[in-house]
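Structure file run.cif (mmCIF, C-alpha atoms) is printed below.
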```
data_protein
#
loop_
_atom_site.group_PDB
_atom_site.id
_atom_site.type_symbol
_atom_site.label_atom_id
_atom_site.label_comp_id
_atom_site.auth_asym_id
_atom_site.auth_seq_id
_atom_site.Cartn_x
_atom_site.Cartn_y
_atom_site.Cartn_z
ATOM 1 C CA MET A 1 -58.405 60.632 -10.617
ATOM 2 C CA THR A 2 -58.686 64.348 -10.638
ATOM 3 C CA ALA A 3 -59.394 65.166 -14.239
ATOM 4 C CA THR A 4 -61.899 67.900 -14.807
ATOM 5 C CA LEU A 5 -64.327 66.824 -17.525
ATOM 6 C CA THR A 6 -64.370 69.840 -19.733
ATOM 7 C CA PRO A 7 -65.212 69.327 -23.390
ATOM 8 C CA ASP A 8 -62.741 70.265 -26.052
ATOM 9 C CA SER A 9 -63.052 73.814 -27.154
ATOM 10 C CA GLY A 10 -59.797 74.460 -28.954
ATOM 11 C CA ALA A 11 -59.094 73.389 -32.480
ATOM 12 C CA ASP A 12 -55.654 72.032 -31.695
ATOM 13 C CA GLY A 13 -56.688 68.406 -31.401
ATOM 14 C CA ILE A 14 -55.656 68.288 -27.783
ATOM 15 C CA ASP A 15 -58.093 66.602 -25.513
ATOM 16 C CA GLY A 16 -59.562 69.028 -23.051
ATOM 17 C CA VAL A 17 -59.642 66.482 -20.273
ATOM 18 C CA ASP A 18 -56.040 65.745 -19.723
ATOM 19 C CA GLY A 19 -53.936 66.955 -22.603
ATOM 20 C CA THR A 20 -52.184 63.608 -22.843
ATOM 21 C CA ALA A 21 -51.862 61.338 -25.802
ATOM 22 C CA GLY A 22 -54.764 59.028 -25.326
ATOM 23 C CA GLY A 23 -53.546 57.547 -22.091
ATOM 24 C CA VAL A 24 -55.528 56.765 -18.977
ATOM 25 C CA GLY A 25 -54.415 60.189 -18.029
ATOM 26 C CA VAL A 26 -55.182 62.347 -15.144
ATOM 27 C CA ALA A 27 -52.370 64.751 -15.845
ATOM 28 C CA THR A 28 -53.330 68.157 -17.116
ATOM 29 C CA ASP A 29 -50.292 69.419 -18.934
ATOM 30 C CA GLU A 30 -52.036 72.575 -19.908
ATOM 31 C CA PRO A 31 -52.752 74.747 -16.892
ATOM 32 C CA SER A 32 -55.155 77.562 -17.495
ATOM 33 C CA GLY A 33 -53.411 80.812 -18.225
ATOM 34 C CA ALA A 34 -50.357 79.077 -19.669
ATOM 35 C CA ASP A 35 -49.253 79.527 -23.250
ATOM 36 C CA PRO A 36 -50.956 76.644 -25.111
ATOM 37 C CA ASP A 37 -48.068 76.498 -27.585
ATOM 38 C CA VAL A 38 -45.593 75.626 -24.833
ATOM 39 C CA ARG A 39 -45.896 72.054 -23.638
ATOM 40 C CA PRO A 40 -43.816 70.233 -21.018
ATOM 41 C CA TRP A 41 -41.334 67.574 -22.082
ATOM 42 C CA SER A 42 -43.630 64.859 -20.714
ATOM 43 C CA TRP A 43 -46.356 65.878 -23.183
ATOM 44 C CA HIS A 44 -43.943 65.567 -26.119
ATOM 45 C CA LEU A 45 -42.606 62.240 -24.822
ATOM 46 C CA SER A 46 -46.152 60.937 -24.422
ATOM 47 C CA ARG A 47 -47.082 61.989 -27.960
ATOM 48 C CA ALA A 48 -43.895 60.554 -29.477
ATOM 49 C CA SER A 49 -44.354 57.227 -27.694
ATOM 50 C CA ALA A 50 -48.014 57.136 -28.798
ATOM 51 C CA VAL A 51 -47.079 57.626 -32.443
ATOM 52 C CA ALA A 52 -44.454 54.861 -32.259
ATOM 53 C CA LEU A 53 -46.870 52.536 -30.474
ATOM 54 C CA VAL A 54 -49.505 52.941 -33.193
ATOM 55 C CA ALA A 55 -47.189 50.806 -35.343
ATOM 56 C CA LEU A 56 -45.406 48.734 -32.698
ATOM 57 C CA LEU A 57 -48.340 47.549 -30.577
ATOM 58 C CA PRO A 58 -50.371 45.838 -33.346
ATOM 59 C CA LEU A 59 -47.158 44.200 -34.590
ATOM 60 C CA HIS A 60 -46.365 43.000 -31.080
ATOM 61 C CA LEU A 61 -49.850 41.614 -30.373
ATOM 62 C CA TRP A 62 -50.034 39.906 -33.756
ATOM 63 C CA SER A 63 -46.633 38.240 -33.529
ATOM 64 C CA PHE A 64 -47.046 37.036 -29.940
ATOM 65 C CA HIS A 65 -50.740 36.354 -29.416
ATOM 66 C CA LEU A 66 -52.910 36.654 -32.518
ATOM 67 C CA ASP A 67 -51.058 35.045 -35.434
ATOM 68 C CA PRO A 68 -52.792 31.661 -35.840
ATOM 69 C CA ASN A 69 -49.739 30.262 -37.666
ATOM 70 C CA ALA A 70 -47.233 31.232 -34.972
ATOM 71 C CA ARG A 71 -45.465 28.305 -33.340
ATOM 72 C CA PRO A 72 -45.707 27.924 -29.560
ATOM 73 C CA LEU A 73 -43.280 30.156 -27.706
ATOM 74 C CA THR A 74 -40.865 27.557 -26.349
ATOM 75 C CA VAL A 75 -37.493 28.443 -24.913
ATOM 76 C CA GLN A 76 -35.835 27.554 -28.246
ATOM 77 C CA ALA A 77 -38.373 29.521 -30.290
ATOM 78 C CA PHE A 78 -37.926 32.535 -28.035
ATOM 79 C CA THR A 79 -34.141 32.326 -28.219
ATOM 80 C CA ASP A 80 -34.405 32.159 -32.026
ATOM 81 C CA ARG A 81 -36.721 35.180 -32.001
ATOM 82 C CA TRP A 82 -34.349 37.218 -29.878
ATOM 83 C CA GLY A 83 -31.496 36.352 -32.210
ATOM 84 C CA THR A 84 -33.156 38.683 -34.728
ATOM 85 C CA PRO A 85 -34.204 42.363 -34.680
ATOM 86 C CA TRP A 86 -37.363 41.227 -32.851
ATOM 87 C CA ARG A 87 -35.312 41.534 -29.671
ATOM 88 C CA LEU A 88 -35.070 45.307 -30.141
ATOM 89 C CA LEU A 89 -38.704 45.638 -31.260
ATOM 90 C CA ASP A 90 -39.979 43.664 -28.256
ATOM 91 C CA TRP A 91 -37.902 45.793 -25.909
ATOM 92 C CA ALA A 92 -38.966 49.067 -27.556
ATOM 93 C CA THR A 93 -42.668 48.168 -27.493
ATOM 94 C CA ILE A 94 -42.743 47.296 -23.803
ATOM 95 C CA VAL A 95 -40.548 50.228 -22.766
ATOM 96 C CA LEU A 96 -42.529 52.795 -24.794
ATOM 97 C CA ALA A 97 -45.844 51.417 -23.496
ATOM 98 C CA LEU A 98 -44.612 51.675 -19.914
ATOM 99 C CA ILE A 99 -43.291 55.210 -20.408
ATOM 100 C CA HIS A 100 -46.535 56.270 -22.106
ATOM 101 C CA GLY A 101 -48.681 54.751 -19.354
ATOM 102 C CA ALA A 102 -46.577 56.050 -16.477
ATOM 103 C CA ILE A 103 -46.749 59.610 -17.847
ATOM 104 C CA ALA A 104 -50.516 59.385 -18.367
ATOM 105 C CA LEU A 105 -51.025 58.154 -14.803
ATOM 106 C CA GLN A 106 -49.305 61.140 -13.240
ATOM 107 C CA PRO A 107 -51.798 63.385 -11.424
ATOM 108 C CA ALA A 108 -52.376 66.928 -12.600
ATOM 109 C CA GLU A 109 -50.364 69.444 -10.678
ATOM 110 C CA ALA A 110 -52.007 72.757 -9.865
ATOM 111 C CA PRO A 111 -49.895 75.695 -11.071
ATOM 112 C CA ALA A 112 -47.934 77.492 -8.411
ATOM 113 C CA ASP A 113 -49.633 80.823 -9.146
ATOM 114 C CA GLY A 114 -53.014 79.349 -8.243
ATOM 115 C CA SER A 115 -54.473 80.197 -11.645
ATOM 116 C CA ALA A 116 -56.181 76.802 -11.970
ATOM 117 C CA ASP A 117 -59.570 76.457 -10.341
ATOM 118 C CA GLY A 118 -59.622 72.620 -10.334
ATOM 119 C CA PRO A 119 -58.961 70.520 -7.254
ATOM 120 C CA SER A 120 -55.397 69.567 -6.381
ATOM 121 C CA PRO A 121 -54.474 65.889 -6.830
ATOM 122 C CA SER A 122 -55.723 63.567 -4.127
ATOM 123 C CA THR A 123 -53.397 61.363 -2.093
ATOM 124 C CA VAL A 124 -54.739 58.307 -3.929
ATOM 125 C CA ALA A 125 -53.957 59.882 -7.313
ATOM 126 C CA ARG A 126 -50.440 60.789 -6.186
ATOM 127 C CA LEU A 127 -49.915 57.274 -4.800
ATOM 128 C CA ALA A 128 -51.195 55.678 -8.019
ATOM 129 C CA GLY A 129 -48.941 57.907 -10.114
ATOM 130 C CA THR A 130 -45.876 57.172 -8.009
ATOM 131 C CA SER A 131 -46.619 53.432 -7.952
ATOM 132 C CA ALA A 132 -47.003 53.359 -11.735
ATOM 133 C CA LEU A 133 -43.722 55.224 -12.134
ATOM 134 C CA VAL A 134 -41.825 52.879 -9.795
ATOM 135 C CA ALA A 135 -43.352 49.722 -11.339
ATOM 136 C CA ALA A 136 -42.558 50.937 -14.845
ATOM 137 C CA ALA A 137 -38.976 51.820 -13.872
ATOM 138 C CA VAL A 138 -38.391 48.407 -12.268
ATOM 139 C CA VAL A 139 -39.801 46.457 -15.235
ATOM 140 C CA ILE A 140 -37.876 48.604 -17.738
ATOM 141 C CA GLY A 141 -34.672 47.928 -15.775
ATOM 142 C CA VAL A 142 -35.272 44.180 -15.549
ATOM 143 C CA LEU A 143 -36.286 43.880 -19.216
ATOM 144 C CA THR A 144 -33.326 45.953 -20.402
ATOM 145 C CA TYR A 145 -30.960 43.714 -18.447
ATOM 146 C CA ALA A 146 -32.713 40.609 -19.835
ATOM 147 C CA VAL A 147 -32.462 41.888 -23.409
ATOM 148 C CA ALA A 148 -28.765 42.701 -22.981
ATOM 149 C CA ALA A 149 -27.869 39.461 -21.176
ATOM 150 C CA HIS A 150 -30.019 37.046 -23.185
ATOM 151 C CA PRO A 151 -27.818 34.498 -24.981
ATOM 152 C CA LEU A 152 -27.734 34.525 -28.772
ATOM 153 C CA PRO A 153 -28.966 31.371 -30.546
ATOM 154 C CA MET B 1 -82.000 79.351 -23.836
ATOM 155 C CA ASP B 2 -82.242 77.237 -26.990
ATOM 156 C CA ALA B 3 -82.703 80.325 -29.145
ATOM 157 C CA GLU B 4 -79.246 81.542 -28.087
ATOM 158 C CA LEU B 5 -77.539 78.396 -29.373
ATOM 159 C CA ASP B 6 -76.758 78.450 -33.066
ATOM 160 C CA PRO B 7 -76.796 75.091 -34.922
ATOM 161 C CA GLY B 8 -73.028 74.914 -35.364
ATOM 162 C CA GLU B 9 -72.423 75.530 -31.696
ATOM 163 C CA GLY B 10 -75.052 72.950 -30.799
ATOM 164 C CA ALA B 11 -73.372 70.315 -32.955
ATOM 165 C CA ALA B 12 -70.023 71.099 -31.325
ATOM 166 C CA VAL B 13 -71.537 70.702 -27.858
ATOM 167 C CA VAL B 14 -73.127 67.372 -28.835
ATOM 168 C CA ALA B 15 -69.824 66.139 -30.320
ATOM 169 C CA ALA B 16 -67.931 67.229 -27.210
ATOM 170 C CA GLY B 17 -70.443 65.465 -24.990
ATOM 171 C CA ARG B 18 -70.094 62.284 -27.044
ATOM 172 C CA ARG B 19 -66.323 62.402 -26.648
ATOM 173 C CA SER B 20 -66.574 62.925 -22.887
ATOM 174 C CA ALA B 21 -68.941 59.972 -22.650
ATOM 175 C CA GLY B 22 -66.211 57.697 -24.068
ATOM 176 C CA GLU B 23 -63.637 59.042 -21.650
ATOM 177 C CA PRO B 24 -63.875 56.300 -18.962
ATOM 178 C CA TRP B 25 -63.288 53.559 -21.560
ATOM 179 C CA ARG B 26 -60.153 55.305 -22.776
ATOM 180 C CA ARG B 27 -58.830 55.215 -19.225
ATOM 181 C CA VAL B 28 -59.863 51.598 -18.672
ATOM 182 C CA ALA B 29 -58.207 50.564 -21.955
ATOM 183 C CA GLY B 30 -55.061 52.467 -21.021
ATOM 184 C CA LEU B 31 -54.912 50.833 -17.601
ATOM 185 C CA VAL B 32 -55.398 47.366 -19.127
ATOM 186 C CA LEU B 33 -52.566 47.988 -21.598
ATOM 187 C CA PHE B 34 -50.278 49.380 -18.885
ATOM 188 C CA ALA B 35 -50.911 46.276 -16.746
ATOM 189 C CA TYR B 36 -50.251 44.056 -19.781
ATOM 190 C CA ALA B 37 -46.952 45.840 -20.479
ATOM 191 C CA LEU B 38 -45.859 45.302 -16.860
ATOM 192 C CA VAL B 39 -46.777 41.596 -16.859
ATOM 193 C CA TRP B 40 -45.432 40.832 -20.340
ATOM 194 C CA GLY B 41 -42.222 42.732 -19.646
ATOM 195 C CA VAL B 42 -41.598 40.459 -16.672
ATOM 196 C CA ALA B 43 -42.723 37.359 -18.625
ATOM 197 C CA LEU B 44 -40.225 38.018 -21.426
ATOM 198 C CA SER B 45 -37.448 38.655 -18.906
ATOM 199 C CA LEU B 46 -38.011 35.276 -17.262
ATOM 200 C CA ASP B 47 -36.129 33.379 -19.978
ATOM 201 C CA THR B 48 -32.885 35.152 -19.144
ATOM 202 C CA PHE B 49 -33.167 34.305 -15.459
ATOM 203 C CA SER B 50 -34.924 30.915 -15.474
ATOM 204 C CA SER B 51 -35.701 29.000 -18.657
ATOM 205 C CA SER B 52 -37.873 26.439 -16.857
ATOM 206 C CA THR B 53 -40.089 29.162 -15.339
ATOM 207 C CA PHE B 54 -40.362 30.792 -18.751
ATOM 208 C CA ALA B 55 -41.358 27.481 -20.368
ATOM 209 C CA SER B 56 -44.058 26.755 -17.788
ATOM 210 C CA SER B 57 -45.396 30.322 -17.988
ATOM 211 C CA GLN B 58 -45.667 30.045 -21.782
ATOM 212 C CA LYS B 59 -47.475 26.688 -21.490
ATOM 213 C CA ALA B 60 -50.202 28.529 -19.582
ATOM 214 C CA MET B 61 -50.800 30.751 -22.605
ATOM 215 C CA SER B 62 -53.249 28.210 -24.068
ATOM 216 C CA ASN B 63 -55.368 28.326 -20.936
ATOM 217 C CA LEU B 64 -58.862 29.675 -21.597
ATOM 218 C CA VAL B 65 -58.695 32.200 -18.759
ATOM 219 C CA VAL B 66 -55.391 33.555 -20.066
ATOM 220 C CA ARG B 67 -56.786 33.737 -23.614
ATOM 221 C CA VAL B 68 -59.836 35.650 -22.371
ATOM 222 C CA LEU B 69 -57.500 38.099 -20.644
ATOM 223 C CA LEU B 70 -55.457 38.403 -23.845
ATOM 224 C CA ALA B 71 -58.662 39.032 -25.808
ATOM 225 C CA ALA B 72 -59.443 41.853 -23.381
ATOM 226 C CA VAL B 73 -55.947 43.262 -23.922
ATOM 227 C CA ALA B 74 -56.371 43.053 -27.703
ATOM 228 C CA VAL B 75 -59.746 44.821 -27.595
ATOM 229 C CA ALA B 76 -58.275 47.456 -25.288
ATOM 230 C CA ALA B 77 -55.449 47.950 -27.791
ATOM 231 C CA VAL B 78 -57.894 48.378 -30.700
ATOM 232 C CA HIS B 79 -59.969 50.870 -28.720
ATOM 233 C CA HIS B 80 -56.992 52.837 -27.410
ATOM 234 C CA LEU B 81 -55.244 53.026 -30.797
ATOM 235 C CA LEU B 82 -58.323 54.111 -32.765
ATOM 236 C CA ASP B 83 -59.338 56.558 -30.043
ATOM 237 C CA GLY B 84 -55.830 57.960 -29.743
ATOM 238 C CA VAL B 85 -55.437 58.469 -33.497
ATOM 239 C CA ARG B 86 -58.735 60.339 -33.846
ATOM 240 C CA ARG B 87 -57.852 62.587 -30.911
ATOM 241 C CA LEU B 88 -54.731 63.725 -32.756
ATOM 242 C CA LEU B 89 -57.008 65.462 -35.275
ATOM 243 C CA PRO B 90 -58.521 68.919 -34.728
ATOM 244 C CA PRO B 91 -61.919 68.360 -33.038
ATOM 245 C CA THR B 92 -63.920 70.637 -35.339
ATOM 246 C CA SER B 93 -62.498 69.480 -38.674
ATOM 247 C CA SER B 94 -64.335 67.323 -41.198
ATOM 248 C CA VAL B 95 -61.422 64.880 -41.066
ATOM 249 C CA ARG B 96 -62.104 64.458 -37.360
ATOM 250 C CA ARG B 97 -65.759 63.683 -38.018
ATOM 251 C CA ARG B 98 -64.697 61.019 -40.490
ATOM 252 C CA ALA B 99 -62.173 59.702 -37.964
ATOM 253 C CA ASP B 100 -64.961 59.474 -35.364
ATOM 254 C CA ALA B 101 -66.954 57.347 -37.815
ATOM 255 C CA VAL B 102 -63.919 55.170 -38.570
ATOM 256 C CA TYR B 103 -63.393 54.761 -34.815
ATOM 257 C CA ALA B 104 -66.995 53.608 -34.262
ATOM 258 C CA PHE B 105 -66.815 51.214 -37.212
ATOM 259 C CA GLY B 106 -63.296 49.963 -36.518
ATOM 260 C CA LEU B 107 -64.092 49.153 -32.927
ATOM 261 C CA TRP B 108 -66.386 46.368 -34.094
ATOM 262 C CA ALA B 109 -64.748 45.576 -37.440
ATOM 263 C CA LEU B 110 -61.364 45.018 -35.794
ATOM 264 C CA GLY B 111 -62.489 44.145 -32.272
ATOM 265 C CA ALA B 112 -64.554 41.091 -33.222
ATOM 266 C CA PRO B 113 -61.867 39.331 -35.339
ATOM 267 C CA VAL B 114 -59.245 40.162 -32.731
ATOM 268 C CA VAL B 115 -61.309 38.446 -30.019
ATOM 269 C CA VAL B 116 -61.719 35.343 -32.210
ATOM 270 C CA LEU B 117 -57.979 35.239 -32.943
ATOM 271 C CA ALA B 118 -57.087 35.709 -29.286
ATOM 272 C CA LEU B 119 -59.422 32.911 -28.154
ATOM 273 C CA TRP B 120 -58.589 30.556 -31.012
ATOM 274 C CA PRO B 121 -55.661 28.660 -29.360
ATOM 275 C CA ALA B 122 -57.838 27.793 -26.339
ATOM 276 C CA VAL B 123 -60.731 26.712 -28.574
ATOM 277 C CA ARG B 124 -58.393 24.588 -30.711
ATOM 278 C CA TRP B 125 -56.890 23.016 -27.592
ATOM 279 C CA TRP B 126 -60.360 22.161 -26.238
ATOM 280 C CA PHE B 127 -61.476 20.436 -29.408
ATOM 281 C CA ALA B 128 -58.154 18.750 -30.211
#
```
With the file now loaded, output its structure as structure tokens.
Amino acid sequence: MTATLTPDSGADGIDGVDGTAGGVGVATDEPSGADPDVRPWSWHLSRASAVALVALLPLHLWSFHLDPNARPLTVQAFTDRWGTPWRLLDWATIVLALIHGAIALQPAEAPADGSADGPSPSTVARLAGTSALVAAAVVIGVLTYAVAAHPLP
Amino acid sequence: MDAELDPGEGAAVVAAGRRSAGEPWRRVAGLVLFAYALVWGVALSLDTFSSSTFASSQKAMSNLVVRVLLAAVAVAAVHHLLDGVRRLLPPTSSVRRRADAVYAFGLWALGAPVVVLALWPAVRWWFA
């Protein structure tokens, strides 16, 4: 974890700590000296996934775990559920959450011109970021296959 | 030193300090949700590969320990969503100040019912 705890100073709504969209983030997408209007693709992907998850995550948690009237998730009930658009929503929620988290866990890279005065990412931060990326990629692959191969009711 | 700090600047510094103080919880909540997404992604995939494993894994969902973990996930989701939404707003705007208040209120107003709902299946099973 290499984030530098600097309070927000800009009025752009971007968190001064990591510049990510509310993730666990250690990535600083906004190196000092860079144009603040130009963001990397990962920043945009993180923001877009966050906006989608604001709607998808409560829906997901309610339908699976919180709805007191939901019937137990048996094999038949799950097959019935995935015979409807829930299959796509379940897939999208998990995939977007994994993408959002994996991006936020990437360590901040110091700019090549040495303009940043913060420390470079530690080995532990790099290892954590890589592990998160690999784990997310594996689960996304397995889940995508499962969604595609799951039998219809 | 204090004489050099005008009131508006002082309020901004206090607000920034308050936001930094909540920073570790944002990370903890994010990590909890990332771990949940990994586990639940695998759990949902199980049905395609082995229906019996899926059925036994879903039976464990009424277990009190599992429900406590799910309550933690639900609280993490409430915290992370409210915190994330307020951070989308400009930090010095009046809307942001209102969003900070909604965040503080919503954390308890949504967090408490969510914990009850998450634990309810285990409680019902115990007293059945």
Problem set entry | Explicit residue set for the PyMOL selection byres ((chain B) within 8 of (chain A)), as a ChimeraX atom specification | /B:13,16-17,19-20,26-31,33-34,37-38,40-42,44-49,51,54-55,58,70,74,77,80-81,83-84,87-92,114,117-118,120-121
Problem set entry | Two-atom distance - atom CA of Arg126 of chain A, atom CA of Tyr36 of chain B (Å) | 21.6 Å
Exercise. Which polymer residues have any atom within 9 Å of an atom of Val32 of chain B, counting only C-alpha atoms, with same-chain residues fewer than 6 positions away left out, as number ranges by chain?
Worked result: B: 72-73, 76-77
Seminar exercise, completed: Atom pair atom CA of Ala99 of chain B + atom CA of Ser42 of chain A, distance 25.8 Å
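Counting from atom CA of Leu89 of chain A, the distance to atom CA of Val39 of chain B is 17.0 Å.
The smallest atom-to-atom distance between Thr123 of chain A and any of A:Ala92, A:Val38, A:Ala52, A:Ala108, using all atoms listed in the file, is found for A:Ala108.
Taking all atoms listed in the file into account, Leu88 of chain A lies nearest to A:Leu56 out of the set A:Ala48, A:Leu56, A:Leu133, A:Val124.
The smallest atom-to-atom distance between Ile103 of chain A and any of A:Pro153, A:Val134, A:Gly129, A:Ala77, using only C-alpha atoms, is found for A:Gly129.
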For this session: Name the residues in contact with Val123 of chain B at a cut-off of 12 Å, using only C-alpha atoms, excluding same-chain residues fewer than 2 positions from it; report them as a PyMOL selection string.
Result: (chain A and resi 68) or (chain B and resi 62-65+67-68+115-121+125-128)
